[in-house]
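Have a look at run15.tsv below; it lists TSV, C-alpha atoms.
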```tsv
chain	number	residue	atom	x	y	z
A	1	MET	CA	-15.86	19.47	-4.20
A	2	GLY	CA	-14.47	20.52	-0.84
A	3	GLU	CA	-11.11	22.04	-0.04
A	4	GLU	CA	-10.07	19.34	2.39
A	5	ALA	CA	-8.14	16.31	1.17
A	6	THR	CA	-9.94	12.98	0.90
A	7	ARG	CA	-8.55	10.88	3.73
A	8	VAL	CA	-8.05	7.24	2.77
A	9	MET	CA	-7.15	4.73	5.46
A	10	ILE	CA	-5.34	1.62	4.19
A	11	GLY	CA	-4.88	-1.42	6.38
A	12	VAL	CA	-1.49	-3.04	5.68
A	13	ASN	CA	0.25	-6.15	6.92
A	14	GLU	CA	3.47	-8.06	6.35
A	15	SER	CA	4.02	-10.83	3.83
A	16	SER	CA	3.40	-14.28	5.26
A	17	LEU	CA	5.91	-15.64	2.76
A	18	LYS	CA	8.79	-13.20	3.09
A	19	GLY	CA	8.07	-11.79	6.55
A	20	TYR	CA	8.93	-8.27	7.67
A	21	PRO	CA	9.62	-5.72	6.26
A	22	HIS	CA	7.90	-6.94	3.07
A	23	PRO	CA	4.25	-5.99	2.62
A	24	SER	CA	1.74	-8.74	1.84
A	25	ILE	CA	0.64	-9.10	-1.78
A	26	SER	CA	-2.84	-7.86	-0.91
A	27	SER	CA	-1.59	-4.81	1.07
A	28	LYS	CA	0.62	-3.78	-1.82
A	29	GLY	CA	-2.27	-4.40	-4.21
A	30	ALA	CA	-4.60	-2.22	-2.14
A	31	PHE	CA	-2.06	0.61	-2.13
A	32	ASP	CA	-1.20	0.33	-5.85
A	33	TRP	CA	-4.89	0.24	-6.77
A	34	THR	CA	-5.65	3.33	-4.66
A	35	VAL	CA	-2.82	5.24	-6.29
A	36	SER	CA	-3.45	4.21	-9.89
A	37	LYS	CA	-7.27	4.24	-9.94
A	38	ILE	CA	-8.31	6.82	-7.35
A	39	ILE	CA	-5.53	9.31	-6.62
A	40	ARG	CA	-4.05	9.22	-10.13
A	41	ASN	CA	-2.26	12.55	-10.73
A	42	ASN	CA	-4.40	14.44	-8.21
A	43	VAL	CA	-1.89	13.92	-5.38
A	44	SER	CA	-2.66	17.08	-3.42
A	45	ALA	CA	-6.33	16.09	-3.05
A	46	PHE	CA	-5.61	12.96	-1.00
A	47	HIS	CA	-4.07	12.11	2.34
A	48	LEU	CA	-3.22	8.48	3.14
A	49	LEU	CA	-3.43	6.88	6.56
A	50	PHE	CA	-1.58	3.55	6.95
A	51	LEU	CA	-2.62	1.34	9.82
A	52	HIS	CA	-0.66	-1.80	10.60
A	53	VAL	CA	-2.18	-4.12	13.19
A	54	GLN	CA	0.13	-6.53	14.97
A	55	VAL	CA	-1.52	-9.58	16.45
A	56	PRO	CA	0.11	-10.32	19.84
A	57	ASP	CA	1.71	-13.76	20.24
A	58	GLU	CA	0.85	-14.90	16.80
A	59	ASP	CA	2.42	-12.84	14.10
A	60	GLY	CA	6.03	-12.68	13.05
A	61	TYR	CA	7.59	-14.55	15.96
A	62	ASP	CA	9.75	-16.83	13.90
A	63	ASP	CA	12.30	-17.40	16.65
A	64	VAL	CA	10.31	-20.20	18.28
A	65	ASP	CA	13.45	-21.96	19.48
A	66	SER	CA	14.62	-19.02	21.57
A	67	ILE	CA	14.61	-19.27	25.33
A	68	TYR	CA	13.25	-16.31	27.21
A	69	ALA	CA	14.70	-16.29	30.68
A	70	SER	CA	13.74	-12.87	31.94
A	71	GLY	CA	11.26	-10.04	31.61
A	72	GLU	CA	14.02	-8.18	29.82
A	73	ASP	CA	14.11	-10.85	27.09
A	74	PHE	CA	10.42	-10.39	26.42
A	75	LYS	CA	10.75	-6.63	26.41
A	76	ASN	CA	13.56	-6.87	23.84
A	77	MET	CA	11.47	-9.19	21.72
A	78	LYS	CA	8.54	-6.78	21.81
A	79	GLN	CA	10.73	-3.87	20.79
A	80	GLN	CA	12.19	-5.92	17.95
A	81	GLU	CA	8.67	-6.80	16.79
A	82	LYS	CA	7.58	-3.18	16.86
A	83	ALA	CA	10.70	-2.20	14.89
A	84	ARG	CA	9.77	-4.73	12.21
A	85	GLY	CA	6.34	-3.18	11.92
A	86	THR	CA	7.95	0.22	11.54
A	87	HIS	CA	10.02	-1.05	8.64
A	88	LEU	CA	6.89	-2.36	6.96
A	89	LEU	CA	5.28	1.08	7.23
A	90	GLU	CA	8.48	2.68	5.93
A	91	TYR	CA	7.87	0.93	2.59
A	92	PHE	CA	4.51	2.68	2.16
A	93	VAL	CA	5.67	6.05	3.51
A	94	ASN	CA	8.61	6.00	1.07
A	95	ARG	CA	6.32	5.19	-1.84
A	96	CYS	CA	4.06	8.11	-0.84
A	97	ASN	CA	7.06	10.44	-0.69
A	98	GLU	CA	8.10	9.37	-4.19
A	99	ILE	CA	4.59	9.98	-5.53
A	100	GLY	CA	4.09	13.21	-3.60
A	101	VAL	CA	1.08	12.22	-1.48
A	102	THR	CA	1.04	13.22	2.17
A	103	CYS	CA	0.55	10.39	4.64
A	104	GLU	CA	0.66	9.18	8.22
A	105	ALA	CA	1.40	5.66	9.44
A	106	TRP	CA	1.07	3.92	12.78
A	107	ILE	CA	1.02	0.55	14.50
A	108	LYS	CA	-1.61	-0.84	16.84
A	109	GLN	CA	-1.73	-4.18	18.58
A	110	GLY	CA	-4.80	-6.37	18.93
A	111	ASP	CA	-7.42	-8.19	16.90
A	112	PRO	CA	-7.27	-6.65	13.39
A	113	LYS	CA	-11.07	-6.51	13.01
A	114	GLU	CA	-11.61	-4.65	16.26
A	115	VAL	CA	-8.57	-2.42	15.95
A	116	ILE	CA	-9.48	-1.31	12.42
A	117	LEU	CA	-13.06	-0.55	13.47
A	118	ASN	CA	-11.88	1.45	16.48
A	119	GLU	CA	-9.35	3.36	14.44
A	120	VAL	CA	-12.01	4.22	11.85
A	121	LYS	CA	-14.15	5.57	14.70
A	122	ARG	CA	-11.25	7.58	16.08
A	123	VAL	CA	-9.66	8.88	12.87
A	124	ARG	CA	-12.82	9.21	10.73
A	125	PRO	CA	-11.38	8.58	7.25
A	126	ASP	CA	-13.52	9.18	4.17
A	127	LEU	CA	-12.75	5.71	2.91
A	128	LEU	CA	-11.18	2.50	4.21
A	129	VAL	CA	-9.26	0.31	1.76
A	130	VAL	CA	-8.31	-3.23	2.72
A	131	GLY	CA	-6.64	-5.89	0.64
A	132	SER	CA	-8.13	-9.37	0.58
A	133	ARG	CA	-6.67	-12.70	-0.45
A	134	GLY	CA	-9.94	-13.32	-2.26
A	135	LEU	CA	-9.71	-17.06	-1.71
A	136	GLY	CA	-11.44	-19.27	-4.21
A	137	PRO	CA	-14.42	-21.62	-3.95
A	138	PHE	CA	-12.54	-24.28	-1.98
A	139	GLN	CA	-11.40	-21.80	0.65
A	140	LYS	CA	-14.72	-19.93	0.84
A	141	VAL	CA	-14.77	-20.31	4.59
A	142	PHE	CA	-11.81	-17.95	4.93
A	143	VAL	CA	-13.02	-15.27	2.53
A	144	GLY	CA	-12.60	-11.88	3.99
A	145	THR	CA	-12.85	-12.58	7.67
A	146	VAL	CA	-11.29	-9.18	8.32
A	147	SER	CA	-12.45	-7.41	5.16
A	148	GLU	CA	-16.03	-8.67	5.43
A	149	PHE	CA	-16.26	-7.64	9.06
A	150	CYS	CA	-14.95	-4.16	8.22
A	151	TRP	CA	-17.28	-3.88	5.25
A	152	LYS	CA	-20.29	-4.66	7.43
A	153	HIS	CA	-19.42	-2.67	10.51
A	154	ALA	CA	-17.05	0.21	9.72
A	155	GLU	CA	-18.55	3.67	9.96
A	156	CYS	CA	-17.23	4.74	6.56
A	157	PRO	CA	-17.32	3.37	3.01
A	158	VAL	CA	-15.08	0.32	2.65
A	159	MET	CA	-13.33	-0.92	-0.45
A	160	THR	CA	-11.86	-4.39	-0.66
A	161	ILE	CA	-9.18	-5.08	-3.24
A	162	LYS	CA	-8.72	-8.72	-4.13
A	163	ARG	CA	-5.40	-10.04	-5.39
A	164	ASN	CA	-5.08	-10.70	-9.09
A	165	ALA	CA	-5.19	-14.39	-9.97
A	166	ASP	CA	-1.64	-14.20	-11.35
A	167	GLU	CA	-0.32	-12.87	-8.03
A	168	THR	CA	-1.77	-15.71	-5.97
A	169	PRO	CA	0.99	-17.83	-4.40
A	170	ARG	CA	1.00	-21.61	-4.74
A	171	ASP	CA	-0.72	-21.88	-1.37
A	172	PRO	CA	-3.48	-19.23	-1.56
A	173	VAL	CA	-3.56	-18.89	2.22
A	174	ASP	CA	-0.12	-17.27	1.90
A	175	ASP	CA	0.07	-13.57	1.20
B	1	MET	CA	-0.86	6.45	-13.22
B	2	GLY	CA	-2.18	5.37	-16.59
B	3	GLU	CA	-3.55	7.54	-19.38
B	4	GLU	CA	-6.95	5.88	-19.48
B	5	ALA	CA	-9.78	7.24	-17.36
B	6	THR	CA	-10.83	5.31	-14.26
B	7	ARG	CA	-14.18	3.77	-15.14
B	8	VAL	CA	-16.63	3.80	-12.25
B	9	MET	CA	-19.90	1.91	-12.58
B	10	ILE	CA	-22.71	3.19	-10.34
B	11	GLY	CA	-25.88	1.21	-9.81
B	12	VAL	CA	-28.85	3.57	-9.53
B	13	ASN	CA	-32.54	3.09	-8.83
B	14	GLU	CA	-35.66	5.17	-8.39
B	15	SER	CA	-36.99	6.54	-5.11
B	16	SER	CA	-39.49	4.23	-3.46
B	17	LEU	CA	-41.09	7.30	-1.87
B	18	LYS	CA	-41.35	9.69	-4.80
B	19	GLY	CA	-41.20	7.21	-7.68
B	20	TYR	CA	-39.74	7.96	-11.10
B	21	PRO	CA	-37.92	10.04	-12.19
B	22	HIS	CA	-36.49	10.73	-8.71
B	23	PRO	CA	-33.37	8.80	-7.70
B	24	SER	CA	-33.39	6.89	-4.42
B	25	ILE	CA	-31.62	8.51	-1.47
B	26	SER	CA	-28.90	5.89	-1.58
B	27	SER	CA	-28.32	6.19	-5.36
B	28	LYS	CA	-27.96	9.92	-5.05
B	29	GLY	CA	-25.69	9.43	-2.04
B	30	ALA	CA	-23.47	7.00	-3.97
B	31	PHE	CA	-23.14	9.48	-6.84
B	32	ASP	CA	-22.52	12.52	-4.61
B	33	TRP	CA	-19.93	10.62	-2.61
B	34	THR	CA	-18.09	9.47	-5.75
B	35	VAL	CA	-17.96	13.02	-7.07
B	36	SER	CA	-16.95	14.77	-3.84
B	37	LYS	CA	-14.52	12.20	-2.43
B	38	ILE	CA	-13.04	10.41	-5.45
B	39	ILE	CA	-13.36	12.46	-8.62
B	40	ARG	CA	-13.07	15.85	-6.89
B	41	ASN	CA	-11.71	18.36	-9.43
B	42	ASN	CA	-9.98	15.68	-11.53
B	43	VAL	CA	-12.96	15.32	-13.88
B	44	SER	CA	-11.03	14.30	-17.00
B	45	ALA	CA	-9.52	11.30	-15.21
B	46	PHE	CA	-12.87	9.56	-14.64
B	47	HIS	CA	-15.65	8.09	-16.75
B	48	LEU	CA	-18.96	7.17	-15.10
B	49	LEU	CA	-21.18	4.26	-16.11
B	50	PHE	CA	-24.75	4.39	-14.78
B	51	LEU	CA	-26.66	1.14	-14.70
B	52	HIS	CA	-30.35	1.10	-13.80
B	53	VAL	CA	-31.92	-2.31	-13.31
B	54	GLN	CA	-35.68	-2.58	-13.65
B	55	VAL	CA	-37.28	-5.54	-11.94
B	56	PRO	CA	-40.03	-6.94	-14.19
B	57	ASP	CA	-43.55	-7.09	-12.71
B	58	GLU	CA	-42.52	-5.63	-9.44
B	59	ASP	CA	-41.09	-2.17	-9.70
B	60	GLY	CA	-42.88	1.02	-10.53
B	61	TYR	CA	-46.17	-0.42	-11.73
B	62	ASP	CA	-48.40	1.82	-9.71
B	63	ASP	CA	-51.37	1.51	-12.05
B	64	VAL	CA	-52.59	-1.72	-10.48
B	65	ASP	CA	-56.23	-0.90	-11.22
B	66	SER	CA	-55.67	-0.73	-14.96
B	67	ILE	CA	-57.18	-3.39	-17.18
B	68	TYR	CA	-54.94	-4.79	-19.86
B	69	ALA	CA	-57.04	-6.18	-22.65
B	70	SER	CA	-54.53	-6.79	-25.37
B	71	GLY	CA	-50.90	-7.46	-26.10
B	72	GLU	CA	-50.72	-3.85	-27.26
B	73	ASP	CA	-51.66	-2.67	-23.75
B	74	PHE	CA	-48.76	-4.56	-22.23
B	75	LYS	CA	-46.40	-3.29	-24.88
B	76	ASN	CA	-47.44	0.30	-24.14
B	77	MET	CA	-46.99	-0.27	-20.44
B	78	LYS	CA	-43.49	-1.65	-21.00
B	79	GLN	CA	-42.54	1.32	-23.13
B	80	GLN	CA	-43.87	3.70	-20.49
B	81	GLU	CA	-41.85	1.90	-17.83
B	82	LYS	CA	-38.72	2.08	-19.92
B	83	ALA	CA	-39.30	5.81	-20.49
B	84	ARG	CA	-39.51	6.33	-16.73
B	85	GLY	CA	-36.16	4.61	-16.29
B	86	THR	CA	-34.68	6.86	-18.94
B	87	HIS	CA	-35.82	9.92	-17.02
B	88	LEU	CA	-34.13	8.60	-13.90
B	89	LEU	CA	-30.87	8.22	-15.82
B	90	GLU	CA	-31.32	11.71	-17.24
B	91	TYR	CA	-30.92	13.09	-13.72
B	92	PHE	CA	-27.43	11.58	-13.40
B	93	VAL	CA	-26.36	12.35	-16.98
B	94	ASN	CA	-27.35	16.00	-16.47
B	95	ARG	CA	-25.40	16.20	-13.24
B	96	CYS	CA	-22.33	14.75	-15.02
B	97	ASN	CA	-22.69	17.32	-17.79
B	98	GLU	CA	-22.80	20.12	-15.22
B	99	ILE	CA	-19.68	18.81	-13.50
B	100	GLY	CA	-17.86	18.02	-16.73
B	101	VAL	CA	-17.42	14.25	-16.29
B	102	THR	CA	-18.04	12.00	-19.27
B	103	CYS	CA	-20.57	9.23	-18.75
B	104	GLU	CA	-22.78	6.54	-20.21
B	105	ALA	CA	-26.12	5.29	-18.88
B	106	TRP	CA	-28.30	2.33	-19.71
B	107	ILE	CA	-31.22	0.22	-18.50
B	108	LYS	CA	-31.37	-3.54	-18.06
B	109	GLN	CA	-34.22	-5.69	-16.85
B	110	GLY	CA	-33.91	-8.59	-14.45
B	111	ASP	CA	-32.77	-9.48	-10.96
B	112	PRO	CA	-30.53	-6.58	-9.82
B	113	LYS	CA	-27.91	-8.87	-8.28
B	114	GLU	CA	-27.46	-10.96	-11.40
B	115	VAL	CA	-27.74	-8.10	-13.85
B	116	ILE	CA	-25.13	-6.01	-12.03
B	117	LEU	CA	-22.73	-8.97	-11.89
B	118	ASN	CA	-23.21	-9.70	-15.59
B	119	GLU	CA	-22.75	-6.07	-16.53
B	120	VAL	CA	-19.52	-5.89	-14.50
B	121	LYS	CA	-18.30	-8.93	-16.43
B	122	ARG	CA	-19.26	-7.37	-19.73
B	123	VAL	CA	-18.20	-3.75	-19.17
B	124	ARG	CA	-15.20	-4.36	-16.85
B	125	PRO	CA	-15.26	-1.17	-14.78
B	126	ASP	CA	-12.36	-0.38	-12.43
B	127	LEU	CA	-14.77	0.08	-9.56
B	128	LEU	CA	-18.44	-0.58	-8.78
B	129	VAL	CA	-20.24	1.83	-6.44
B	130	VAL	CA	-23.62	0.90	-4.99
B	131	GLY	CA	-25.72	2.75	-2.48
B	132	SER	CA	-27.12	0.87	0.47
B	133	ARG	CA	-29.95	1.69	2.83
B	134	GLY	CA	-27.64	0.55	5.62
B	135	LEU	CA	-30.53	-0.67	7.73
B	136	GLY	CA	-29.98	-0.73	11.45
B	137	PRO	CA	-29.80	-3.56	13.99
B	138	PHE	CA	-33.52	-4.30	13.89
B	139	GLN	CA	-33.53	-4.67	10.12
B	140	LYS	CA	-30.27	-6.61	9.93
B	141	VAL	CA	-31.89	-9.29	7.80
B	142	PHE	CA	-32.30	-6.87	4.92
B	143	VAL	CA	-28.84	-5.35	5.05
B	144	GLY	CA	-27.29	-5.20	1.66
B	145	THR	CA	-28.98	-8.06	-0.13
B	146	VAL	CA	-27.87	-6.54	-3.42
B	147	SER	CA	-24.79	-4.70	-2.18
B	148	GLU	CA	-23.48	-7.66	-0.18
B	149	PHE	CA	-23.96	-10.03	-3.10
B	150	CYS	CA	-22.10	-7.63	-5.41
B	151	TRP	CA	-19.35	-7.12	-2.86
B	152	LYS	CA	-18.79	-10.87	-2.59
B	153	HIS	CA	-19.10	-11.84	-6.22
B	154	ALA	CA	-18.33	-8.93	-8.54
B	155	GLU	CA	-15.10	-9.22	-10.51
B	156	CYS	CA	-13.95	-5.72	-9.57
B	157	PRO	CA	-13.53	-3.72	-6.36
B	158	VAL	CA	-16.88	-2.75	-4.87
B	159	MET	CA	-17.70	0.22	-2.72
B	160	THR	CA	-20.93	0.46	-0.76
B	161	ILE	CA	-22.13	3.86	0.35
B	162	LYS	CA	-24.58	3.84	3.23
B	163	ARG	CA	-27.11	6.61	3.69
B	164	ASN	CA	-26.42	9.19	6.36
B	165	ALA	CA	-28.54	8.75	9.46
B	166	ASP	CA	-30.13	12.17	8.89
B	167	GLU	CA	-31.28	11.14	5.41
B	168	THR	CA	-33.08	8.01	6.56
B	169	PRO	CA	-36.85	8.23	6.01
B	170	ARG	CA	-39.29	7.48	8.82
B	171	ASP	CA	-39.62	3.95	7.49
B	172	PRO	CA	-36.02	2.89	6.83
B	173	VAL	CA	-37.12	0.34	4.22
B	174	ASP	CA	-38.08	3.32	2.06
B	175	ASP	CA	-35.40	4.91	-0.09
```
Just give me the structure as structure tokens.
Amino acid sequence: MGEEATRVMIGVNESSLKGYPHPSISSKGAFDWTVSKIIRNNVSAFHLLFLHVQVPDEDGYDDVDSIYASGEDFKNMKQQEKARGTHLLEYFVNRCNEIGVTCEAWIKQGDPKEVILNEVKRVRPDLLVVGSRGLGPFQKVFVGTVSEFCWKHAECPVMTIKRNADETPRDPVDD
Amino acid sequence: MGEEATRVMIGVNESSLKGYPHPSISSKGAFDWTVSKIIRNNVSAFHLLFLHVQVPDEDGYDDVDSIYASGEDFKNMKQQEKARGTHLLEYFVNRCNEIGVTCEAWIKQGDPKEVILNEVKRVRPDLLVVGSRGLGPFQKVFVGTVSEFCWKHAECPVMTIKRNADETPRDPVDD
């Protein structure tokens, strides 16, 4: 039982239903599970690392009717997007402060699968926790595209936390 | 942070190199990892559940030259086999006693994938930990037959602990 804290990386994203700054049901579930089942009251023995991956040109751009007339417009939009991601991370950092667990949080852009794998290589956590929508038999094709890829390829143990059935939205693709 | 201990089920099997009562490299790795990275010094907050699955007519019968002349012979052989499994579990129970973590251990016979899934359903642990040989690119076809099945189908979060590269035997299929 070493002196160094166990470093747990948690991949988090925004709610597809409520948008930024709200965390997705599965991100929140992954965090809550880690706190209640792993960290418990042993807060000084753990250090949490929150990674939020923003997918360029796909995620969170709900202002589809806007007209971008200049490079400046796009730059503003990108800054706005980054700010939204920061507010998402603020939710988790605040929760950690309340509980008394130290943490770090950061944003990366790119394909979530690749970014998470690269960040695991770079940061070397003891454990990666990712939420999963855990889609049912009729949506099997979607199950864990990101979580399954991480589970197979990440260079550290990976834990996938599925949503509870009673938290699943009407359309299970939502999160 | 509830009052009840976090119940961690760990699937364990015997070493294919040394046979009973020695645990496989990956079983031992899964246990060591759980203790050093999750339980740490918070021993009263966890309860470990060791499940050893014996595969009938396949595992551990190294007395292939024996002649079985009666039903009694087979019965004796079965009892011997069961005793060997008990000695494997003794290794983990002793380690728990040393550390001060409460535990339970039991043996089931059958197909490991199905037995583990059924036992998760029955016992409802908070977390299932399974070791994996983590075979490399040339053995991809074998990767995680049991661990992958559990990861996809078990009704609780599943963590797979791969062996360290420096623990891998000359023939990586061994464990």
Problem - Top pick for closest residue to B:Met159, considering B:Ser132, B:Thr145, B:Asn13, B:Asn76 and counting only C-alpha atoms - result: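 The answer is B:Ser132, which sits nearest to B:Met159.
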Exercise for the section: Check every residue of chain B for an atom within 8 Å of chain A, counting only C-alpha atoms, and provide those that qualify as a ChimeraX atom specification. Expected result: /B:1-2,6,35-42,45,126,156-162
Practice task
Work out how far atom CA of A:Arg122 is from atom CA of A:Gln109, in Å to one decimal.
Solution key: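 Going from atom CA of A:Gln109 over to atom CA of A:Arg122 covers 15.3 Å.
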Handout entry: Computed interatomic separation between atom CA of A:Val115 and atom CA of A:Ile99 (Å)
Key =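 Distance between the two atoms: 28.1 Å.
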Problem - Distance of atom CA of B:Cys150 from atom CA of A:Arg133, expressed in Å to one decimal place - result: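 Computing it gives 17.0 Å between the two atoms.
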Practice task
Kindly indicate which residue among A:Leu48, A:Met77, A:Leu88, A:Leu117 lies nearest to A:Lys18, using only C-alpha atoms for the distances.
Solution key: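 For A:Lys18, the nearest of the given residues is A:Leu88.
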Exercise for the section: Go through B:Val173, B:Ala83, B:Val53, B:Val43 and flag the residue nearest B:Val101, using only C-alpha atoms for the distances. Expected result: B:Val43
Handout entry: Residues near stretch 103-106 of chain A, cut-off 8 Å, only C-alpha atoms, skip fewer than 2 positions along chain, as a PyMOL selection string
Key = chain A and resi 47-52+86+89+93+96+101+108
Selected residues written out with C-alpha atoms, as a JSON list (two decimals), in the coordinates of the input:
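This is the output file result_7.json:
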```
[["chain", "number", "residue", "atom", "x", "y", "z"],
["A", 47, "HIS", "CA", -4.07, 12.11, 2.34],
["A", 48, "LEU", "CA", -3.22, 8.48, 3.14],
["A", 49, "LEU", "CA", -3.43, 6.88, 6.56],
["A", 50, "PHE", "CA", -1.58, 3.55, 6.95],
["A", 51, "LEU", "CA", -2.62, 1.34, 9.82],
["A", 52, "HIS", "CA", -0.66, -1.80, 10.60],
["A", 86, "THR", "CA", 7.95, 0.22, 11.54],
["A", 89, "LEU", "CA", 5.28, 1.08, 7.23],
["A", 93, "VAL", "CA", 5.67, 6.05, 3.51],
["A", 96, "CYS", "CA", 4.06, 8.11, -0.84],
["A", 101, "VAL", "CA", 1.08, 12.22, -1.48],
["A", 108, "LYS", "CA", -1.61, -0.84, 16.84]]
```
Practice task
Find the residues around B:Ser16 up to 9 Å (all atoms listed in the file counted), leave out those fewer than 4 positions away in its own chain, and share them as a list in words.
Solution key: Tyr20, His22, Pro23, Ser24, Gly60, Val173, Asp174 and Asp175 of chain B
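Residue nearest B:Arg170, chosen from B:Met9, B:Val130, B:Ile116, B:Leu17 and counting all atoms listed in the file: B:Leu17.
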Skip B:Glu167 itself and residues of its chain fewer than 4 positions away, then list as a compact mmCIF listing (two decimals) with C-alpha atoms, in the coordinates of the input all residues within 10 Å of it, counting only C-alpha atoms.
```txt
# COMPACT_ATOMS: atom_id res chain seq x y z
CA ILE B 25 -31.62 8.51 -1.47
CA SER B 26 -28.90 5.89 -1.58
CA GLY B 29 -25.69 9.43 -2.04
CA ARG B 133 -29.95 1.69 2.83
CA ARG B 163 -27.11 6.61 3.69
CA PRO B 172 -36.02 2.89 6.83
CA ASP B 175 -35.40 4.91 -0.09
```
